[in-house]
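Have a look at query_36.cif; it's mmCIF, C-alpha atoms:
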data_data
loop_
_atom_site.label_atom_id
_atom_site.label_comp_id
_atom_site.auth_asym_id
_atom_site.auth_seq_id
_atom_site.Cartn_x
_atom_site.Cartn_y
_atom_site.Cartn_z
CA MET O 30 -10.12 21.53 -8.92
CA PRO O 31 -10.12 18.07 -10.53
CA VAL O 32 -12.92 15.69 -9.57
CA PHE O 33 -12.20 12.07 -8.65
CA SER O 34 -14.23 9.12 -7.40
CA THR O 35 -11.83 7.81 -4.71
CA LEU O 36 -10.02 10.91 -3.50
CA ARG O 37 -10.06 14.66 -3.38
CA ILE O 38 -7.29 17.22 -3.84
CA ASP O 39 -7.30 20.95 -3.25
CA LYS O 40 -5.16 23.63 -1.66
CA ASP O 41 -5.15 24.21 2.07
CA PRO O 42 -7.33 27.29 2.63
CA GLN O 43 -4.86 28.74 5.16
CA GLN O 44 -1.70 27.76 3.31
CA PRO O 45 -2.23 27.57 -0.48
CA ARG O 46 1.36 26.40 -1.01
CA VAL O 47 0.22 23.10 0.54
CA ALA O 48 -1.97 20.74 -1.49
CA ARG O 49 -4.14 18.31 0.49
CA LEU O 50 -4.70 14.91 -1.16
CA LEU O 51 -7.48 13.14 0.74
CA LEU O 52 -8.13 9.43 0.21
CA ASN O 53 -11.90 9.58 0.34
CA ARG O 54 -13.64 6.22 0.65
CA PRO O 55 -14.22 6.30 4.42
CA GLU O 56 -17.03 3.75 4.22
CA ARG O 57 -14.41 1.22 3.00
CA LEU O 58 -11.54 2.47 5.21
CA ASN O 59 -10.23 4.21 2.06
CA ALA O 60 -9.49 0.81 0.55
CA ILE O 61 -7.79 0.78 -2.85
CA ASN O 62 -9.98 -0.07 -5.82
CA ASP O 63 -9.12 -0.12 -9.53
CA ASP O 64 -9.48 3.67 -9.78
CA THR O 65 -7.38 4.67 -6.77
CA PRO O 66 -3.84 4.28 -8.18
CA ARG O 67 -4.72 6.13 -11.39
CA GLU O 68 -6.39 8.94 -9.47
CA ILE O 69 -3.43 9.32 -7.12
CA ARG O 70 -1.16 9.82 -10.12
CA ALA O 71 -3.55 12.31 -11.72
CA ALA O 72 -3.89 14.27 -8.48
CA VAL O 73 -0.13 14.42 -8.01
CA GLU O 74 0.32 15.59 -11.60
CA TRP O 75 -2.28 18.31 -11.03
CA ALA O 76 -0.40 19.55 -7.96
CA GLU O 77 2.92 19.35 -9.77
CA ARG O 78 1.64 21.57 -12.58
CA ASP O 79 0.47 24.26 -10.14
CA ASP O 80 3.38 26.61 -9.44
CA GLU O 81 1.76 27.85 -6.22
CA VAL O 82 1.94 24.37 -4.68
CA HIS O 83 5.24 23.54 -2.97
CA VAL O 84 4.34 20.44 -0.94
CA ILE O 85 1.62 17.75 -0.96
CA VAL O 86 0.04 16.25 2.17
CA VAL O 87 -1.58 12.82 1.72
CA GLU O 88 -4.19 11.79 4.29
CA GLY O 89 -7.24 9.59 4.76
CA ALA O 90 -10.88 10.42 5.48
CA GLY O 91 -12.71 8.80 8.35
CA LYS O 92 -11.20 6.28 10.75
CA GLY O 93 -7.82 5.76 9.11
CA PHE O 94 -5.34 6.42 6.34
CA CYS O 95 -5.89 3.35 4.13
CA GLY O 96 -6.74 -0.27 4.92
CA GLY O 97 -5.10 -1.70 1.78
CA TYR O 98 -6.66 -3.18 -1.32
CA ASP O 99 -10.44 -3.62 -1.33
CA LEU O 100 -10.43 -7.43 -1.32
CA ALA O 101 -13.19 -8.39 1.09
CA ASP O 102 -15.70 -9.07 -1.67
CA THR O 103 -13.54 -10.28 -4.57
CA ALA O 104 -11.44 -12.66 -2.46
CA GLU O 105 -14.59 -14.59 -1.56
CA GLN O 106 -15.65 -15.04 -5.19
CA HIS O 107 -14.44 -17.42 -7.88
CA ILE O 108 -13.68 -14.62 -10.31
CA GLU O 109 -11.05 -14.20 -13.00
CA HIS O 110 -8.83 -11.19 -12.31
CA PRO O 111 -5.21 -10.44 -13.28
CA CYS O 112 -4.26 -10.79 -9.60
CA GLN O 113 -6.62 -13.66 -8.82
CA GLN O 114 -6.47 -15.95 -11.82
CA GLU O 115 -8.57 -19.09 -11.57
CA LYS O 116 -7.20 -20.68 -14.72
CA THR O 117 -4.24 -23.05 -14.61
CA PRO O 118 -1.49 -22.42 -15.44
CA TRP O 119 -1.75 -18.78 -14.48
CA ASP O 120 -0.10 -16.07 -16.56
CA PRO O 121 2.49 -14.26 -14.43
CA MET O 122 3.01 -11.43 -16.91
CA VAL O 123 -0.68 -10.49 -16.85
CA ASP O 124 -0.45 -10.21 -13.07
CA TYR O 125 2.86 -8.34 -13.30
CA ALA O 126 1.54 -5.77 -15.80
CA TYR O 127 -1.47 -4.99 -13.61
CA MET O 128 0.48 -4.61 -10.37
CA LYS O 129 3.43 -2.82 -11.98
CA ARG O 130 1.06 -0.15 -13.21
CA ASN O 131 -0.34 0.29 -9.69
CA THR O 132 3.18 0.48 -8.27
CA ASP O 133 4.17 3.11 -10.82
CA ASP O 134 1.05 5.13 -9.96
CA PHE O 135 1.81 5.01 -6.22
CA MET O 136 5.41 5.98 -6.99
CA SER O 137 4.22 9.23 -8.57
CA LEU O 138 4.30 10.49 -4.98
CA TRP O 139 8.01 9.61 -4.84
CA ARG O 140 8.88 10.83 -8.35
CA CYS O 141 7.03 14.13 -7.98
CA ALA O 142 9.43 17.09 -7.86
CA LYS O 143 7.51 18.44 -4.88
CA PRO O 144 7.89 16.93 -1.39
CA THR O 145 5.08 14.65 -0.22
CA ILE O 146 4.06 14.03 3.39
CA ALA O 147 1.91 11.12 4.57
CA LYS O 148 -0.28 12.13 7.50
CA VAL O 149 -1.25 8.81 9.10
CA HIS O 150 -3.99 8.13 11.61
CA GLY O 151 -5.72 4.82 12.21
CA ALA O 152 -4.30 2.17 9.89
CA ALA O 153 -1.92 2.41 6.95
CA VAL O 154 -1.63 -1.28 6.22
CA ALA O 155 -0.96 -3.64 3.30
CA GLY O 156 -1.38 -1.58 0.12
CA GLY O 157 -2.09 1.45 2.29
CA SER O 158 1.43 1.23 3.67
CA ASP O 159 2.71 1.29 0.08
CA ILE O 160 1.00 4.64 -0.45
CA ALA O 161 2.35 6.03 2.83
CA LEU O 162 5.91 4.87 2.20
CA CYS O 163 5.97 6.27 -1.33
CA CYS O 164 5.66 9.68 0.31
CA ASP O 165 8.92 11.42 1.22
CA LEU O 166 8.04 12.06 4.86
CA LEU O 167 5.76 10.42 7.39
CA VAL O 168 3.95 12.01 10.34
CA MET O 169 1.95 9.57 12.45
CA ALA O 170 -0.44 9.61 15.35
CA GLU O 171 1.03 7.73 18.30
CA ASP O 172 -1.66 5.05 18.12
CA ALA O 173 -1.67 4.77 14.32
CA ARG O 174 -0.60 1.43 12.81
CA ILE O 175 1.53 0.64 9.79
CA GLY O 176 2.60 -2.72 8.38
CA TYR O 177 2.12 -5.30 5.64
CA MET O 178 0.29 -8.30 7.09
CA PRO O 179 -0.02 -10.14 3.73
CA THR O 180 3.70 -10.96 3.82
CA ARG O 181 2.52 -13.96 5.89
CA VAL O 182 0.63 -15.25 2.85
CA TRP O 183 -0.82 -13.78 -0.37
CA GLY O 184 1.39 -10.74 -0.77
CA CYS O 185 4.79 -9.10 -1.24
CA PRO O 186 5.07 -5.27 -1.00
CA THR O 187 5.52 -4.23 -4.63
CA THR O 188 6.99 -0.80 -3.85
CA ALA O 189 9.81 -2.50 -1.89
CA MET O 190 10.08 0.59 0.29
CA TRP O 191 10.49 -1.12 3.67
CA THR O 192 14.21 -1.79 3.18
CA TYR O 193 14.95 1.69 1.85
CA ARG O 194 13.04 3.35 4.68
CA LEU O 195 14.08 1.09 7.58
CA GLY O 196 17.25 -0.76 6.59
CA PRO O 197 17.56 -4.52 6.10
CA THR O 198 17.27 -5.73 9.70
CA ARG O 199 14.03 -3.97 10.60
CA ALA O 200 12.59 -4.62 7.12
CA LYS O 201 13.25 -8.35 7.47
CA GLN O 202 11.58 -8.38 10.88
CA LEU O 203 8.38 -6.85 9.53
CA MET O 204 8.33 -8.88 6.33
CA PHE O 205 9.08 -12.18 8.08
CA THR O 206 6.35 -11.63 10.69
CA GLY O 207 3.69 -9.54 8.96
CA ASP O 208 3.50 -7.51 12.17
CA VAL O 209 2.28 -3.92 12.34
CA ILE O 210 3.92 -1.23 14.43
CA ASP O 211 2.40 1.85 16.04
CA GLY O 212 3.44 5.44 15.53
CA ARG O 213 5.71 5.49 18.57
CA THR O 214 7.67 2.49 17.32
CA ALA O 215 7.76 3.87 13.78
CA ALA O 216 9.37 7.05 15.09
CA ALA O 217 11.81 5.15 17.31
CA TRP O 218 12.86 3.03 14.30
CA GLY O 219 13.32 6.07 12.09
CA LEU O 220 10.39 5.22 9.81
CA ALA O 221 8.25 8.19 10.88
CA ASN O 222 9.69 11.69 10.99
CA GLU O 223 7.42 12.61 13.88
CA THR O 224 4.74 11.02 16.03
CA VAL O 225 2.24 12.96 18.12
CA PRO O 226 -1.06 12.36 19.91
CA LEU O 227 -3.92 12.09 17.45
CA ALA O 228 -5.35 15.45 18.56
CA GLU O 229 -2.08 17.13 17.51
CA LEU O 230 -1.61 15.33 14.17
CA GLU O 231 -3.14 18.03 11.97
CA THR O 232 -1.13 20.81 13.65
CA ALA O 233 2.15 18.88 13.49
CA THR O 234 1.69 17.92 9.86
CA LEU O 235 0.78 21.40 8.73
CA ARG O 236 3.66 22.87 10.74
CA LEU O 237 6.12 20.65 8.85
CA ALA O 238 4.41 21.25 5.50
CA SER O 239 4.41 25.02 6.01
CA ARG O 240 8.09 25.02 6.94
CA ILE O 241 8.89 23.15 3.72
CA ALA O 242 6.55 25.34 1.68
CA GLY O 243 8.71 28.39 2.37
CA VAL O 244 11.61 26.91 0.38
CA PRO O 245 11.76 27.72 -3.36
CA ARG O 246 10.32 24.97 -5.56
CA GLY O 247 13.56 24.58 -7.49
CA HIS O 248 15.57 23.98 -4.34
CA LEU O 249 13.08 21.39 -3.10
CA ALA O 250 13.17 19.60 -6.47
CA MET O 251 16.98 19.46 -6.47
CA HIS O 252 17.22 18.20 -2.89
CA LYS O 253 14.61 15.52 -3.55
CA MET O 254 16.38 14.46 -6.73
CA VAL O 255 19.68 14.03 -4.89
CA VAL O 256 18.18 11.76 -2.24
CA ASN O 257 16.08 9.81 -4.74
CA GLN O 258 19.14 9.24 -6.90
CA VAL O 259 20.84 7.49 -3.98
CA MET O 260 17.90 5.10 -3.74
CA LEU O 261 17.93 4.52 -7.49
CA THR O 262 21.66 3.80 -7.42
CA MET O 263 21.01 1.27 -4.66
CA GLY O 264 18.71 -0.58 -7.06
CA LEU O 265 15.20 0.58 -6.14
CA GLU O 266 13.69 0.05 -9.61
CA GLN O 267 15.20 -3.43 -9.99
CA THR O 268 14.04 -4.38 -6.48
CA GLN O 269 10.50 -3.22 -7.26
CA SER O 270 10.42 -5.37 -10.41
CA LEU O 271 11.45 -8.42 -8.40
CA ALA O 272 8.96 -7.66 -5.62
CA THR O 273 6.13 -7.20 -8.12
CA VAL O 274 6.87 -10.58 -9.74
CA PHE O 275 7.02 -12.21 -6.31
CA ASP O 276 3.73 -10.55 -5.30
CA GLY O 277 2.01 -12.36 -8.16
CA ILE O 278 3.62 -15.65 -7.20
CA THR O 279 2.40 -15.35 -3.59
CA ARG O 280 -1.18 -15.16 -4.86
CA HIS O 281 -0.91 -18.16 -7.20
CA ASN O 282 1.45 -20.61 -5.47
CA PRO O 283 -0.05 -23.42 -3.31
CA GLU O 284 -0.07 -21.26 -0.18
CA GLY O 285 -1.70 -18.31 -1.96
CA LEU O 286 -4.31 -20.52 -3.62
CA TRP O 287 -5.09 -22.15 -0.27
CA PHE O 288 -5.65 -18.69 1.24
CA ARG O 289 -7.98 -17.74 -1.60
CA ARG O 290 -9.92 -21.01 -1.40
CA TYR O 291 -10.25 -20.66 2.37
CA ALA O 292 -11.55 -17.09 1.93
CA GLN O 293 -14.02 -18.35 -0.66
CA GLU O 294 -15.22 -21.12 1.64
CA ALA O 295 -15.08 -19.53 5.10
CA GLY O 296 -15.07 -15.83 4.23
CA PHE O 297 -12.30 -13.29 3.84
CA LYS O 298 -12.52 -12.24 7.49
CA ALA O 299 -11.86 -15.80 8.64
CA ALA O 300 -8.93 -16.14 6.23
CA VAL O 301 -7.41 -12.89 7.51
CA GLN O 302 -7.89 -13.99 11.12
CA TRP O 303 -5.98 -17.21 10.37
CA ARG O 304 -3.25 -15.28 8.55
CA ASP O 305 -2.73 -12.75 11.33
CA SER O 306 -3.14 -15.14 14.28
CA GLY O 307 0.32 -16.69 13.97
CA ARG O 308 -1.09 -20.13 13.17
CA PRO O 309 1.09 -21.99 10.67
CA ILE O 310 0.03 -21.36 7.10
CA PRO O 311 -0.58 -24.61 5.17
CA GLU O 312 2.12 -25.00 2.55
CA GLY O 313 3.29 -27.33 -0.19
CA ASP O 314 1.54 -30.68 -0.33
CA GLU O 315 -0.61 -29.89 2.71
CA ALA O 316 -1.92 -26.78 0.98
CA ARG O 317 -2.56 -28.73 -2.24
CA SER O 318 -4.50 -31.39 -0.33
CA LEU O 319 -6.66 -28.79 1.41
CA ILE O 320 -7.29 -27.04 -1.91
CA ARG O 321 -8.49 -30.31 -3.45
CA GLU O 322 -10.81 -30.90 -0.49
CA MET O 323 -12.30 -27.42 -0.72
CA ASP O 324 -12.70 -27.64 -4.49
CA ALA O 325 -14.42 -31.00 -4.08
CA ARG O 326 -16.83 -29.60 -1.49
CA ARG O 327 -17.62 -26.69 -3.77
CA ALA O 328 -18.32 -29.09 -6.61
CA GLY O 329 -20.52 -31.22 -4.34
CA LEU O 330 -18.21 -34.19 -4.61
CA ALA O 331 -17.22 -34.48 -0.95
CA PRO O 332 -19.08 -34.42 2.37
CA GLU O 333 -19.20 -31.20 4.38
#

Have the structure of the file written as structure tokens, please.
Amino acid sequence: MPVFSTLRIDKDPQQPRVARLLLNRPERLNAINDDTPREIRAAVEWAERDDEVHVIVVEGAGKGFCGGYDLADTAEQHIEHPCQQEKTPWDPMVDYAYMKRNTDDFMSLWRCAKPTIAKVHGAAVAGGSDIALCCDLLVMAEDARIGYMPTRVWGCPTTAMWTYRLGPTRAKQLMFTGDVIDGRTAAAWGLANETVPLAELETATLRLASRIAGVPRGHLAMHKMVVNQVMLTMGLEQTQSLATVFDGITRHNPEGLWFRRYAQEAGFKAAVQWRDSGRPIPEGDEARSLIREMDARRAGLAPE
């Protein structure tokens, strides 16, 4: 079996036609680091090459599926990163190239000829929801949570899957609010294929995976290609390009820079609490003024 630093993949011991891809950074809520997207793609490619494997289950170790990008440390630092550029003016194509690669790696779950199932417990939020929604099917615990809170500030879902999975009305609701929904709501809205009590999640997921695994690989590949082609015809790739550009803008416009400066000054946890509380996000000239004040305090040019 291949060896990775952020995840693990092997065959289910009871059902070798099912590959189990485990996001495996439980101490960080399986948060996405620079290695995670690349390793997801490599793991998917390994499973795709194995003729015994018919279906891939994606799951998370520990308390949840995936808490999103691992930003708690970097967001508090004045560091130069493609997605957190301190220089002015920022270079949007550097940001785009970095995030487009991550999006393409996550989408290996969608492109793979073999069906993929996200098994979600705990939280699948922000970038973690991207991973879950790139899978073909979704089985959730009733109390699991899924959503993209950074749509309130500092983010736009680069995979653009919310519209294709939910339709425009529900997608707009979640993207306008940054709210998360539980497994029951996800099933009622048609986002999750099935929701069950947490204690039954493993059994329900493996039951679905085993049912699929009995179908010939060629048939599964053709059926997946037909459905995926509908999404491509609807403009999925073009929408992802737009979303990925916008994601970079949300991190470098006045509102995004305010969020970053506030995280650097007050801590990422405080910035997230403001974002998720429903308090108005400073914007435009107000955001610029607050940024200047925080930069001045950091430089020791203004009173605390």

Item to check | Selection dump of the PyMOL selection byres ((chain O and resi 75) around 12), as a count of residues only | outcome: 30

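Nearest residue to Thr187 of chain O, choosing from O:Ala216, O:Ile278, O:Leu167, O:Leu230 and counting all atoms listed in the file: O:Ile278.
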
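Reported to one decimal place, the separation of atom CA of Asn131 of chain O from atom CA of Asp41 of chain O is 27.1 Å.
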
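With all atoms listed in the file as the basis for measurement, O:Thr192 is the residue among O:Thr192, O:Gln44, O:Gln114, O:Thr65 that approaches Leu265 of chain O most closely.
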
Next on the checklist: Would you pick out the contacts of Pro66 of chain O at 12 Å or less, using all atoms listed in the file, so that residues sharing its chain but fewer than 2 positions from it are not included, and give the list as a VMD selection string?
Outcome noted: chain O and resid 33 to 36 52 60 to 64 68 to 73 97 to 98 127 to 138 156 to 157 159 to 160

Checklist entry - Pick from O:Trp303, O:Glu223, O:Ile175, O:Thr214: nearest to Leu237 of chain O, with all atoms listed in the file counted? => result O:Glu223

When you look at Ala300 of chain O with a cut-off of 7 Å (counting all atoms listed in the file), what residues show up, excluding the ones that are within fewer than 5 positions of it in the same chain? I need them as an mmCIF file with C-alpha atoms, keeping the file's coordinate frame.
data_model
loop_
_atom_site.group_PDB
_atom_site.id
_atom_site.type_symbol
_atom_site.label_atom_id
_atom_site.label_comp_id
_atom_site.auth_asym_id
_atom_site.auth_seq_id
_atom_site.Cartn_x
_atom_site.Cartn_y
_atom_site.Cartn_z
ATOM 1 C CA PHE O 288 -5.650 -18.690 1.240
ATOM 2 C CA TYR O 291 -10.250 -20.660 2.370
ATOM 3 C CA ALA O 292 -11.550 -17.090 1.930
#

Next on the checklist: Distance cut-off 12 Å, centre (5.8, 6.4, 15.0) in file coordinates, counting all atoms listed in the file: which residues qualify? Return them as an MDAnalysis selection string.
Outcome noted: chainID O and resid 148:151 153 166:176 209:227 230

Let me know the residues the PyMOL selection byres ((chain O and resi 283) around 7) catches in the file above, as a PDB file with C-alpha atoms, in the coordinates of the input.
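See expr.pdb below for the written result:
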ATOM      1  CA  HIS O 281      -0.910 -18.160  -7.200  1.00  0.00           C
ATOM      2  CA  ASN O 282       1.450 -20.610  -5.470  1.00  0.00           C
ATOM      3  CA  GLU O 284      -0.070 -21.260  -0.180  1.00  0.00           C
ATOM      4  CA  GLY O 285      -1.700 -18.310  -1.960  1.00  0.00           C
ATOM      5  CA  LEU O 286      -4.310 -20.520  -3.620  1.00  0.00           C
ATOM      6  CA  TRP O 287      -5.090 -22.150  -0.270  1.00  0.00           C
ATOM      7  CA  GLU O 312       2.120 -25.000   2.550  1.00  0.00           C
ATOM      8  CA  GLY O 313       3.290 -27.330  -0.190  1.00  0.00           C
ATOM      9  CA  ALA O 316      -1.920 -26.780   0.980  1.00  0.00           C
ATOM     10  CA  ARG O 317      -2.560 -28.730  -2.240  1.00  0.00           C
TER      11      ARG O 317
END

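One finds atom CA of Val47 of chain O at 12.0 Å from atom CA of Val244 of chain O.
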
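If you look at atom CA of Glu88 of chain O and atom CA of Arg240 of chain O, they are 18.2 Å away from each other.
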
Kindly list the centre and edge lengths in Å, rounded to one decimal, for the axis-aligned box that covers all listed atoms of segment 213-221 of chain O plus 4 Å on each of its six sides, as AutoDock Vina command-line options.
--center_x 9.5 --center_y 5.3 --center_z 14.2 --size_x 15.6 --size_y 13.7 --size_z 16.8

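Considering all atoms listed in the file, the residue among O:Thr180, O:Thr188, O:Ser306, O:Thr206 positioned nearest to Glu266 of chain O is O:Thr188.
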
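Minimum atom-to-atom distances from O:Val255, O:Val274, O:Ile241, O:Val84 to Met122 of chain O were compared using all atoms listed in the file, and the lowest value belongs to O:Val274.
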
Next on the checklist: Can you pull out the residues contacting Trp183 of chain O? Cut-off 6 Å, using only C-alpha atoms, and skip same-chain residues under 2 positions away; I want them as an NGL selection string.
Outcome noted: :O and (179 or 279-280 or 285)

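Using all atoms listed in the file, the shortest contact distance between Ile310 of chain O and any of O:Arg181, O:Arg194, O:Arg199, O:Arg54 is found at O:Arg181.
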
Checklist entry - Excluding same-chain residues fewer than 3 positions from Thr103 of chain O, what lies within 12 Å of it counting all atoms listed in the file, as a list of chain:residue names? => result O:Asn62, O:Tyr98, O:Asp99, O:Leu100, O:Gln106, O:His107, O:Ile108, O:Glu109, O:His110, O:Cys112, O:Gln113, O:Gln114, O:Arg289, O:Arg290, O:Ala292, O:Gln293, O:Gly296, O:Phe297

Next on the checklist: Residues near Ser158 of chain O, anyone? I mean within 9 Å using only C-alpha atoms, not counting same-chain ones fewer than 3 positions away, as number ranges by chain.
Outcome noted: O: 94-97, 152-155, 161-163, 175-177, 186
